[in-house]
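What follows is my_file.cif (mmCIF, C-alpha atoms and all ligand atoms).
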data_final
#
loop_
_atom_site.label_atom_id
_atom_site.label_comp_id
_atom_site.auth_asym_id
_atom_site.auth_seq_id
_atom_site.Cartn_x
_atom_site.Cartn_y
_atom_site.Cartn_z
CA MET K 1033 146.78 151.12 94.72
CA THR K 1034 148.71 147.93 94.16
CA PRO K 1035 151.01 148.16 91.15
CA PRO K 1036 149.96 145.88 88.26
CA SER K 1037 152.98 143.60 88.65
CA ARG K 1038 152.15 142.91 92.30
CA ARG K 1039 148.53 142.24 91.42
CA ARG K 1040 149.61 139.75 88.80
CA GLU K 1041 151.88 138.05 91.29
CA ALA K 1042 149.05 137.69 93.77
CA ARG K 1043 146.71 136.29 91.17
CA GLY K 1044 149.31 134.14 89.45
CA GLY K 1045 150.34 132.34 92.61
CA VAL K 1046 147.40 129.99 92.41
CA ALA K 1047 147.85 126.73 94.26
CA LEU K 1048 146.88 123.89 91.96
CA GLY K 1049 143.97 121.85 93.19
CA ARG K 1050 142.84 124.66 95.48
CA LEU K 1051 141.40 126.84 92.79
CA ARG K 1052 137.89 126.81 94.09
CA ARG K 1053 139.22 128.71 97.02
CA ASP K 1054 141.03 131.26 94.91
CA PRO K 1055 138.65 132.30 92.20
CA TRP K 1056 139.63 135.41 90.39
CA GLY K 1057 141.17 137.12 93.39
CA THR K 1058 137.89 137.34 95.25
CA ALA K 1059 137.43 134.57 97.76
CA THR K 1060 140.90 134.19 99.20
CA ALA K 1061 142.40 137.57 98.41
CA LEU K 1062 140.04 139.23 100.87
CA PRO K 1063 139.96 138.63 104.62
CA GLY K 1064 136.20 138.04 104.69
CA PRO K 1065 133.04 138.40 102.64
CA ARG K 1066 132.86 141.61 100.65
CA ARG K 1067 130.24 144.01 101.78
CA GLY K 1068 127.13 143.47 99.73
CA SER K 1069 128.21 140.13 98.33
CA ARG K 1070 126.04 137.22 99.27
CA SER K 1071 128.72 134.62 99.72
CA VAL K 1072 132.36 133.94 98.97
CA GLU K 1073 132.23 130.22 99.75
CA PRO K 1074 133.03 128.04 96.71
CA GLY K 1075 129.47 126.81 96.46
CA GLY K 1076 128.26 130.34 96.97
CA LEU K 1077 129.84 131.67 93.80
CA LEU K 1078 126.90 130.39 91.84
CA ALA K 1079 124.53 132.04 94.27
CA CYS K 1080 125.72 135.41 93.05
CA VAL K 1081 124.50 134.82 89.51
CA ASP K 1082 120.91 134.79 88.43
CA VAL K 1083 119.86 131.23 89.23
CA GLU K 1084 116.29 131.88 88.12
CA ARG K 1085 117.41 131.77 84.52
CA PRO K 1086 120.01 129.08 83.77
CA GLN K 1087 122.64 130.82 81.73
CA ARG K 1088 125.44 129.47 79.65
CA PHE K 1089 127.90 130.66 77.07
CA PRO K 1090 126.69 130.17 73.48
CA GLY K 1091 127.51 126.71 72.13
CA VAL K 1092 128.85 125.40 75.44
CA ARG K 1093 127.58 122.30 77.25
CA GLY K 1094 128.39 121.52 80.86
CA HIS K 1095 130.98 123.38 83.00
CA VAL K 1096 128.21 125.41 84.61
CA ALA K 1097 130.31 126.47 87.60
CA VAL K 1098 133.28 127.51 85.44
CA GLN K 1099 131.04 129.59 83.18
CA ALA K 1100 129.34 131.23 86.16
CA ARG K 1101 132.70 132.14 87.68
CA LEU K 1102 134.03 133.57 84.44
CA ALA K 1103 130.86 135.61 83.88
CA ARG K 1104 130.82 136.88 87.42
CA ALA K 1105 134.50 137.79 87.40
CA HIS K 1106 134.04 139.70 84.14
CA LEU K 1107 130.94 141.55 85.34
CA ARG K 1108 132.82 142.61 88.45
CA GLY K 1109 135.83 143.73 86.40
CA ARG K 1110 137.98 141.08 88.03
CA LEU K 1111 138.70 138.69 85.18
CA HIS K 1112 142.43 138.05 85.01
CA HIS K 1113 143.85 138.88 81.59
CA ALA K 1114 145.58 135.49 81.27
CA LEU K 1115 143.55 132.35 81.97
CA MET K 1116 144.90 128.85 81.77
CA PHE K 1117 142.16 126.28 81.11
CA THR K 1118 143.30 122.84 82.19
CA GLY K 1119 141.53 119.48 82.36
CA PRO K 1120 140.98 116.26 80.40
CA GLU K 1121 141.27 116.23 76.62
CA GLY K 1122 138.07 116.78 74.66
CA VAL K 1123 135.85 118.26 77.39
CA GLY K 1124 135.36 121.60 75.61
CA LYS K 1125 138.01 123.90 77.11
CA ALA K 1126 138.79 125.61 73.81
CA THR K 1127 135.07 125.87 73.08
CA VAL K 1128 134.61 127.77 76.35
CA GLY K 1129 137.61 129.93 75.37
CA ARG K 1130 136.01 130.88 72.06
CA ALA K 1131 132.60 131.42 73.69
CA LEU K 1132 134.30 133.70 76.20
CA ALA K 1133 134.81 136.13 73.32
CA CYS K 1134 130.99 136.37 73.05
CA ALA K 1135 130.64 136.70 76.81
CA LEU K 1136 133.12 139.58 76.98
CA ASN K 1137 131.74 141.46 73.98
CA CYS K 1138 128.01 140.80 73.67
CA ALA K 1139 125.89 143.89 74.36
CA VAL K 1140 122.64 141.91 74.64
CA GLU K 1141 123.74 139.53 77.43
CA PRO K 1142 126.89 141.04 78.93
CA GLY K 1143 129.07 138.50 80.71
CA TRP K 1144 127.39 135.55 78.97
CA GLY K 1145 126.83 136.21 75.29
CA CYS K 1146 123.43 135.79 73.68
CA GLY K 1147 124.72 133.77 70.73
CA LYS K 1148 122.26 135.51 68.42
CA CYS K 1149 123.40 139.10 67.91
CA ALA K 1150 125.68 140.00 65.00
CA THR K 1151 128.73 140.23 67.28
CA CYS K 1152 128.14 136.79 68.84
CA GLN K 1153 127.43 135.24 65.46
CA ARG K 1154 130.68 136.53 64.02
CA PHE K 1155 132.66 135.23 67.00
CA LEU K 1156 130.94 131.84 66.84
CA ALA K 1157 131.65 131.58 63.12
CA GLY K 1158 135.31 132.52 63.73
CA ARG K 1159 134.94 135.60 61.52
CA HIS K 1160 135.59 138.36 64.07
CA PRO K 1161 138.98 140.14 64.02
CA ASP K 1162 139.00 140.17 67.82
CA LEU K 1163 139.25 136.40 68.15
CA GLN K 1164 142.50 134.61 67.44
CA VAL K 1165 142.67 130.84 67.83
CA VAL K 1166 146.16 129.40 67.59
CA GLU K 1167 146.73 125.65 67.35
CA PRO K 1168 149.83 123.50 66.95
CA SER K 1169 150.77 122.86 63.35
CA GLY K 1170 153.38 121.19 61.21
CA LYS K 1171 155.05 117.83 61.51
CA GLY K 1172 156.13 118.43 65.10
CA ARG K 1173 152.64 119.57 66.15
CA LEU K 1174 154.01 122.70 67.79
CA ILE K 1175 152.85 126.30 68.13
CA THR K 1176 155.69 127.88 66.23
CA ALA K 1177 157.63 131.07 66.93
CA ALA K 1178 156.12 132.56 63.75
CA ALA K 1179 152.59 131.92 65.05
CA ALA K 1180 153.52 133.52 68.38
CA GLU K 1181 155.06 136.51 66.58
CA ASP K 1182 151.78 136.95 64.70
CA VAL K 1183 149.86 136.95 67.99
CA VAL K 1184 152.21 139.52 69.51
CA LEU K 1185 151.93 141.80 66.45
CA ARG K 1186 148.16 141.62 66.32
CA CYS K 1187 147.90 142.26 70.04
CA LEU K 1188 149.90 145.48 69.63
CA HIS K 1189 146.86 147.15 68.06
CA ALA K 1190 144.03 145.09 69.56
CA PRO K 1191 141.11 145.24 70.23
CA TYR K 1192 140.03 146.17 66.72
CA GLU K 1193 136.24 146.44 66.88
CA ALA K 1194 135.09 144.87 70.12
CA ALA K 1195 135.79 145.71 73.75
CA ALA K 1196 137.94 142.64 74.28
CA HIS K 1197 140.36 140.86 71.97
CA VAL K 1198 140.52 137.16 72.84
CA VAL K 1199 143.53 134.97 72.02
CA VAL K 1200 142.94 131.24 72.50
CA LEU K 1201 146.13 129.16 72.48
CA ASP K 1202 144.93 125.58 72.09
CA ASP K 1203 147.26 122.80 73.27
CA ALA K 1204 149.43 125.50 74.80
CA HIS K 1205 151.79 122.84 76.21
CA ARG K 1206 152.90 122.43 72.62
CA LEU K 1207 154.35 125.92 72.49
CA HIS K 1208 157.83 125.92 71.01
CA GLU K 1209 160.29 127.40 73.51
CA ALA K 1210 160.96 130.39 71.25
CA ALA K 1211 157.22 130.91 70.85
CA ALA K 1212 156.70 130.82 74.61
CA ASN K 1213 159.41 133.42 75.11
CA LYS K 1214 157.77 135.74 72.58
CA LEU K 1215 154.39 135.36 74.27
CA LEU K 1216 155.69 135.79 77.81
CA LYS K 1217 156.22 139.52 77.40
CA ALA K 1218 152.79 140.02 75.80
CA ILE K 1219 151.20 138.13 78.67
CA GLU K 1220 153.28 139.89 81.29
CA GLU K 1221 152.53 143.40 80.03
CA PRO K 1222 149.14 143.02 78.38
CA ARG K 1223 147.48 145.73 76.44
CA ALA K 1224 144.14 146.80 77.89
CA GLY K 1225 141.33 144.72 76.42
CA VAL K 1226 143.51 141.75 75.44
CA GLN K 1227 142.40 138.46 76.98
CA PHE K 1228 144.64 135.39 76.77
CA VAL K 1229 143.21 131.88 77.18
CA LEU K 1230 145.82 129.13 77.28
CA VAL K 1231 144.28 125.68 76.91
CA THR K 1232 146.04 122.50 77.97
CA ASP K 1233 145.34 118.92 79.01
CA ASN K 1234 148.92 118.58 80.21
CA LEU K 1235 149.61 121.15 82.90
CA GLU K 1236 152.84 119.38 83.90
CA ALA K 1237 154.27 120.15 80.46
CA MET K 1238 153.49 123.87 80.69
CA LEU K 1239 156.29 126.32 81.36
CA PRO K 1240 156.17 127.38 85.01
CA THR K 1241 156.68 130.99 83.90
CA LEU K 1242 153.41 130.81 81.94
CA ILE K 1243 151.54 129.11 84.77
CA SER K 1244 152.68 131.73 87.26
CA ARG K 1245 151.43 134.54 85.03
CA SER K 1246 147.99 133.01 84.59
CA THR K 1247 144.95 132.16 86.63
CA VAL K 1248 144.49 128.41 86.33
CA VAL K 1249 140.91 127.24 85.72
CA GLU K 1250 140.25 123.54 86.19
CA PHE K 1251 137.74 121.74 83.99
CA GLY K 1252 136.19 118.39 84.88
CA GLY K 1253 134.57 115.81 82.61
CA LEU K 1254 131.13 116.21 81.07
CA ASP K 1255 128.18 114.26 82.40
CA GLU K 1256 126.40 111.55 80.43
CA ALA K 1257 123.48 113.69 79.26
CA ASP K 1258 125.85 116.31 77.81
CA LEU K 1259 127.98 113.61 76.15
CA VAL K 1260 124.90 112.00 74.54
CA ALA K 1261 123.71 115.39 73.25
CA ILE K 1262 127.15 116.24 71.83
CA VAL K 1263 127.56 112.80 70.20
CA ASP K 1264 124.07 112.99 68.64
CA GLN K 1265 124.80 116.48 67.30
CA ALA K 1266 128.15 115.37 65.85
CA LEU K 1267 126.58 112.32 64.18
CA ALA K 1268 123.74 114.45 62.81
CA ASP K 1269 126.22 117.04 61.48
CA THR K 1270 128.03 114.36 59.46
CA ASN K 1271 124.85 112.46 58.50
CA ALA K 1272 126.34 109.37 60.13
CA PRO K 1273 123.97 106.60 61.17
CA VAL K 1274 123.34 106.28 64.91
CA ASP K 1275 124.05 102.86 66.40
CA PRO K 1276 122.50 103.06 69.89
CA ALA K 1277 124.77 100.31 71.32
CA GLN K 1278 127.92 101.95 69.95
CA ARG K 1279 126.79 105.35 71.20
CA GLN K 1280 126.18 103.90 74.66
CA LEU K 1281 129.61 102.25 74.69
CA ALA K 1282 131.23 105.52 73.52
CA VAL K 1283 129.58 107.55 76.28
CA GLN K 1284 130.45 104.90 78.88
CA LEU K 1285 134.13 104.67 77.87
CA ALA K 1286 134.75 108.36 77.23
CA GLY K 1287 135.30 109.27 80.87
CA GLY K 1288 133.61 112.64 80.40
CA SER K 1289 135.51 113.57 77.21
CA ALA K 1290 133.23 114.63 74.37
CA GLY K 1291 136.13 114.33 71.93
CA ALA K 1292 136.68 110.67 72.83
CA ALA K 1293 132.93 109.93 72.85
CA VAL K 1294 132.46 111.37 69.37
CA ARG K 1295 135.50 109.50 68.00
CA VAL K 1296 134.33 106.14 69.38
CA ALA K 1297 130.68 106.70 68.42
CA SER K 1298 131.44 107.74 64.86
CA ASP K 1299 134.22 105.24 64.10
CA ARG K 1300 132.85 102.52 61.84
CA GLN K 1301 135.69 100.27 63.04
CA THR K 1302 134.80 100.48 66.72
CA GLU K 1303 133.56 96.87 66.90
CA ALA K 1304 136.74 95.52 65.31
CA LEU K 1305 138.87 97.79 67.49
CA CYS K 1306 137.12 96.46 70.60
CA ARG K 1307 138.01 92.90 69.56
CA LEU K 1308 141.60 94.02 69.01
CA VAL K 1309 141.72 95.67 72.45
CA ALA K 1310 140.45 92.40 73.94
CA ALA K 1311 143.23 90.48 72.15
CA LEU K 1312 145.88 93.02 73.16
CA SER K 1313 144.85 93.04 76.81
CA ALA K 1314 144.86 89.22 76.82
CA ALA K 1315 148.38 89.19 75.33
CA ALA K 1316 149.55 91.79 77.87
CA GLU K 1317 148.34 89.51 80.66
CA ALA K 1318 149.67 86.28 79.10
CA GLY K 1319 153.17 87.48 78.16
CA PRO K 1320 155.63 86.35 75.44
CA SER K 1321 153.78 83.12 74.60
CA GLN K 1322 150.99 85.13 72.98
CA ILE K 1323 153.05 88.09 71.81
CA PHE K 1324 155.39 86.00 69.66
CA ALA K 1325 152.87 83.37 68.58
CA GLY K 1326 153.37 84.12 64.88
CA MET K 1327 151.25 85.80 62.25
CA ALA K 1328 148.53 83.14 62.49
CA ALA K 1329 147.88 83.98 66.16
CA PRO K 1330 144.47 85.61 66.72
CA LEU K 1331 146.07 88.86 67.92
CA TRP K 1332 148.15 89.48 64.79
CA LYS K 1333 145.46 88.21 62.43
CA LEU K 1334 143.08 90.74 63.98
CA TRP K 1335 145.77 93.42 63.76
CA SER K 1336 146.34 92.78 60.04
CA GLU K 1337 142.62 92.74 59.28
CA THR K 1338 142.06 95.99 61.20
CA VAL K 1339 144.93 97.75 59.46
CA ALA K 1340 143.76 96.53 56.05
CA ASP K 1341 140.26 97.84 56.79
CA THR K 1342 141.57 101.22 58.03
CA PRO K 1343 140.93 104.06 55.58
CA GLU K 1344 144.08 105.69 54.27
CA PRO K 1345 144.52 108.80 56.50
CA GLY K 1346 143.04 111.83 54.79
CA ALA K 1347 140.92 109.67 52.50
CA GLU K 1348 137.75 110.18 54.51
CA PRO K 1349 136.58 113.26 56.43
CA GLY K 1350 138.56 113.62 59.63
CA GLY K 1351 140.59 110.55 58.75
CA ALA K 1352 143.99 112.23 59.23
CA GLU K 1353 143.16 113.84 62.55
CA GLU K 1354 143.82 110.80 64.71
CA PRO K 1355 144.73 111.44 68.32
CA GLY K 1356 148.43 111.12 68.91
CA LEU K 1357 149.16 111.05 65.22
CA VAL K 1358 151.48 113.32 63.32
CA VAL K 1359 149.25 115.37 61.05
CA ILE K 1360 151.16 116.10 57.92
CA ARG K 1361 150.33 119.27 56.02
CA GLY K 1362 151.90 121.56 53.46
CA LYS K 1363 155.13 120.32 51.92
CA ALA K 1364 155.02 117.04 53.80
CA GLY K 1365 151.44 116.59 52.61
CA ARG K 1366 152.70 116.46 49.05
CA LYS K 1367 155.19 113.81 50.08
CA LYS K 1368 152.36 111.85 51.61
CA SER K 1369 150.26 111.90 48.47
CA ALA K 1370 153.29 110.77 46.49
CA ARG K 1371 153.68 107.86 48.88
CA LYS K 1372 150.00 107.09 48.53
CA LYS K 1373 150.32 106.80 44.78
CA LYS K 1374 153.25 104.44 45.17
CA ALA K 1375 151.31 102.34 47.65
CA GLY K 1376 148.43 102.25 45.20
CA LYS K 1377 150.71 100.85 42.49
CA LYS K 1378 152.02 98.20 44.87
CA LYS K 1379 148.48 97.29 45.79
CA ALA K 1380 147.67 96.65 42.18
CA THR K 1381 150.54 94.22 41.84
CA LYS K 1382 150.86 92.65 45.25
CA GLY K 1383 147.25 92.67 46.42
CA LYS K 1384 146.55 92.45 50.13
CA ALA K 1385 150.14 92.79 51.39
CA ALA K 1386 150.21 96.42 50.25
CA ALA K 1387 147.00 97.15 52.14
CA GLU K 1388 149.15 97.65 55.24
CA THR K 1389 150.81 100.99 54.48
CA PRO K 1390 152.76 102.63 57.35
CA ALA K 1391 150.21 105.46 57.43
CA LYS K 1392 147.34 103.00 57.83
CA GLN K 1393 149.28 101.11 60.51
CA ARG K 1394 149.81 104.33 62.45
CA ALA K 1395 146.16 105.35 62.05
CA ALA K 1396 144.97 101.94 63.29
CA ALA K 1397 147.49 102.02 66.14
CA ALA K 1398 146.34 105.50 67.20
CA ARG K 1399 142.69 104.39 67.22
CA VAL K 1400 143.28 101.12 69.04
CA SER K 1401 145.61 102.67 71.61
CA GLU K 1402 143.05 105.35 72.42
CA LEU K 1403 140.35 102.71 72.93
CA TRP K 1404 142.76 100.57 74.98
CA LEU K 1405 143.57 103.54 77.20
CA LEU K 1406 139.87 104.33 77.65
CA HIS K 1407 139.34 100.68 78.62
CA LEU K 1408 142.15 100.76 81.20
CA ARG K 1409 140.91 104.05 82.67
CA GLU K 1410 137.46 102.54 83.06
CA CYS K 1411 139.09 99.58 84.87
CA LEU K 1412 140.80 102.13 87.13
CA ARG K 1413 137.37 103.51 88.00
CA GLY K 1414 136.29 99.96 88.93
CA ARG K 1415 134.14 99.46 85.83
CA ALA K 1416 134.23 96.84 83.10
CA GLY K 1417 135.49 98.87 80.12
CA VAL K 1418 135.57 97.34 76.63
CA PRO K 1419 133.33 94.23 76.45
CA GLY K 1420 135.41 91.05 76.46
CA ALA K 1421 138.70 92.79 77.28
CA ALA K 1422 140.72 91.55 80.25
CA VAL K 1423 140.90 93.60 83.43
CA PRO K 1424 144.50 93.65 84.75
CA GLY K 1425 144.79 91.45 87.84
CA THR K 1426 146.19 94.05 90.22
CA ARG K 1427 146.20 97.82 90.51
CA ASP K 1428 149.97 97.88 89.93
CA ARG K 1429 149.56 95.95 86.69
CA LEU K 1430 146.76 98.30 85.68
CA ILE K 1431 148.92 101.38 86.25
CA ARG K 1432 151.79 99.71 84.38
CA GLN K 1433 149.57 99.02 81.40
CA ILE K 1434 148.25 102.60 81.36
CA ARG K 1435 151.85 103.85 81.35
CA GLY K 1436 152.71 101.32 78.66
CA VAL K 1437 149.91 102.45 76.30
CA SER K 1438 150.75 106.14 76.90
CA GLU K 1439 154.40 105.40 76.08
CA PHE K 1440 153.27 103.52 72.95
CA GLN K 1441 151.38 106.65 71.84
CA SER K 1442 154.54 108.72 72.34
CA ARG K 1443 156.51 106.19 70.28
CA LEU K 1444 153.92 106.46 67.51
CA ARG K 1445 154.56 110.20 67.29
CA ARG K 1446 158.20 109.44 66.58
CA ASN K 1447 157.12 107.36 63.56
CA PRO K 1448 158.62 103.99 64.44
CA ASN K 1449 157.93 100.57 63.00
CA VAL K 1450 154.42 100.23 64.41
CA ARG K 1451 154.35 96.44 64.72
CA LEU K 1452 157.71 96.40 66.56
CA ALA K 1453 156.60 99.20 68.87
CA LEU K 1454 153.43 97.26 69.70
CA GLU K 1455 155.43 94.09 70.44
CA GLN K 1456 157.83 96.04 72.63
CA THR K 1457 154.93 97.63 74.53
CA LEU K 1458 153.27 94.27 75.16
CA LEU K 1459 156.57 92.76 76.28
CA GLU K 1460 157.16 95.59 78.76
CA MET K 1461 153.66 95.04 80.15
CA SER K 1462 154.13 91.29 80.58
CA PRO K 1463 153.97 89.87 84.10
ZN ZN D 1 125.27 138.52 71.62
#
Would you give me this structure, written as structure tokens?
Amino acid sequence: MTPPSRRREARGGVALGRLRRDPWGTATALPGPRRGSRSVEPGGLLACVDVERPQRFPGVRGHVAVQARLARAHLRGRLHHALMFTGPEGVGKATVGRALACALNCAVEPGWGCGKCATCQRFLAGRHPDLQVVEPSGKGRLITAAAAEDVVLRCLHAPYEAAAHVVVLDDAHRLHEAAANKLLKAIEEPRAGVQFVLVTDNLEAMLPTLISRSTVVEFGGLDEADLVAIVDQALADTNAPVDPAQRQLAVQLAGGSAGAAVRVASDRQTEALCRLVAALSAAAEAGPSQIFAGMAAPLWKLWSETVADTPEPGAEPGGAEEPGLVVIRGKAGRKKSARKKKAGKKKATKGKAAAETPAKQRAAAARVSELWLLHLRECLRGRAGVPGAAVPGTRDRLIRQIRGVSEFQSRLRRNPNVRLALEQTLLEMSP
């Protein structure tokens, strides 16, 4: 029998982009079809599951092939103990990770999870001791060494009640180096019954040592019907009104990301943000004449109005959780509320000028940059994007603008002067 370390090596050496040919050590690890199996071709993996009854993990939409492969690998006892889910942001990778806990432990629908039994219900509600979900935290948005230590300690005695103990590390590319080192050993020498799921939308930023110890599972975008269903559910959950035109725009721009679709569909500022994206893309095409046209220029008037109309982060549900924004909690949270009070006093005396607090500027910048990036990605796919926004003249300019907006989002995380960062970004994009 192959020693465990050799087996891990064989499974870990997955060539990126060729995963369909190396699923779970079955298709490519064997010289030919296994006796008794119906097919080992990529398309044939689904043929091995019960196609009469469409099955899915509880609470998961889309990713039918991924779910089928996971279920099949588990039922055959071939599920690798460390999975790395990679793909676009917001498509439901962590959701599949959490649902996998049901699939591995449900006695009613083994391999899938029924979603209804007591075990499934506890996993779905996040109340089962055999599910650990770790996310980045703190000002630096990192998975800290302390969080990793906690995982390692809990895994020493896991599973507690169920057959499998599932650890989901969300945004695993944000593992602090010390945290990654602590986890490496746990992943390298796993305890029986412990299942790691590392989730990332940035595979390039993952430590190669973690990639090589995992089986990489690629996720694609969700289709329109799934996006519409998820958006409708999210709007219903928050009792938000449904604007059919805004929902349609959100689904069209989201590029398969449910997270992006829900944010655009539920943002009451979406219309204003679209106008701002149109002004920004026009300025990026026109160059310095529009960028430095003074505060009365349409671009900066729109910018000021949008910032003034932006809710103070944390003031409304989900308001602080902007993409690309530093989420401040704990000690820093107290600092923030102190700053808020000060800003409130200023507002009373100075009126509208104080409406532009740095936090509101960053929140507006995070929202508009996400929409701008969605617009540019749509242009890349040959579609129109945000109504009224300019389409960069050439593919090179398009790529340059995408890089520019991504860099702007990175600058935002470093808490700069937002207006200056925006000017710099536009200048760098200029023809
Ligand atoms: Zn169940």
What does the list of residues within 7 Å of ligand ZN 1 (chain D) look like if you count all atoms listed in the file, written as a ChimeraX atom specification? /K:1134,1138-1141,1145-1152
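The closest residue to Gln1280 in chain K, picked from K:Val1263, K:Leu1444, K:Val1231, K:Leu1458 and counting all atoms listed in the file, is K:Val1263.
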Neighbourhood query: residues within 10 Å of (129.8, 108.3, 73.6), file coordinates, counting all atoms listed in the file; return as a VMD selection string. chain K and resid 1256 1258 to 1264 1276 to 1298
I want to know what sits within 9 Å of Val1166 in chain K, based on only C-alpha atoms, with residues of the same chain fewer than 5 positions away left out; could you give that as a ChimeraX atom specification? /K:1175,1179-1180,1183,1199-1204
Using all atoms listed in the file, what residues lie at most 12 Å away from (145.8, 99.3, 88.5) (file coordinates), given as a PyMOL selection string? chain K and resi 1407-1415+1423-1435
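Interatomic distance, CA of Gln1099 in chain K against CA of Lys1125 in chain K: 10.9 Å.
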Computed gap from CA of Gly1143 in chain K to CA of Ala1100 in chain K is 9.1 Å
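If you look at CA of Val1226 in chain K and CA of His1197 in chain K, they are 4.8 Å away from each other.
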Please provide the set of residues having any atom within 10 Å of Thr1342 in chain K, restricted to only C-alpha atoms, with same-chain residues fewer than 2 positions apart removed, written as number ranges by chain. K: 1300-1301, 1336-1340, 1344-1345, 1351, 1387-1389, 1391-1396, 1399
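Residue nearest Arg1093 in chain K within the list K:Glu1193, K:Asp1255, K:Asp1341, K:Glu1121: K:Asp1255 [criterion: smallest interatomic distance, only C-alpha atoms].
Nearest residue to Val1198 in chain K among K:Val1400, K:Val1229, K:Val1184, K:Leu1454 is K:Val1229, counting all atoms listed in the file.
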Using all atoms listed in the file, the best pick from K:Gly1158, K:Pro1191, K:Pro1273, K:Gly1172 as closest to Asp1299 in chain K would be K:Pro1273
Give me the residues within 8 Å of Ala1210 in chain K as a PDB file with C-alpha atoms, keeping the file's coordinate frame, counting all atoms listed in the file and dropping any in the same chain fewer than 4 places off.
ATOM      1  CA  THR K1176     155.690 127.880  66.230  1.00  0.00           C
ATOM      2  CA  ALA K1177     157.630 131.070  66.930  1.00  0.00           C
ATOM      3  CA  LYS K1214     157.770 135.740  72.580  1.00  0.00           C
TER       4      LYS K1214
END
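Closest approach to Glu1460 in chain K from the set K:Arg1445, K:Arg1245, K:Pro1390, K:Ile1323 is made by K:Ile1323, with distances taken over all atoms listed in the file.
The neighbours of His1106 in chain K here are the residues that come within 9 Å of it, using only C-alpha atoms and leaving out any residue fewer than 6 positions away in the same chain; they are His1112, Ala1135, Leu1136, Pro1142 and Gly1143 of chain K.
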Excluding Leu1403 in chain K and its own-chain neighbours fewer than 5 positions away, which residues fall within 8 Å of it when counting all atoms listed in the file? Please give them as a list in words. Val1296, Leu1305, Cys1306 and Val1309 of chain K
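Using all atoms listed in the file, the smallest distance between any of K:Phe1228, K:Trp1335, K:Trp1404, K:Phe1324 and Ala1304 in chain K comes from K:Trp1335.
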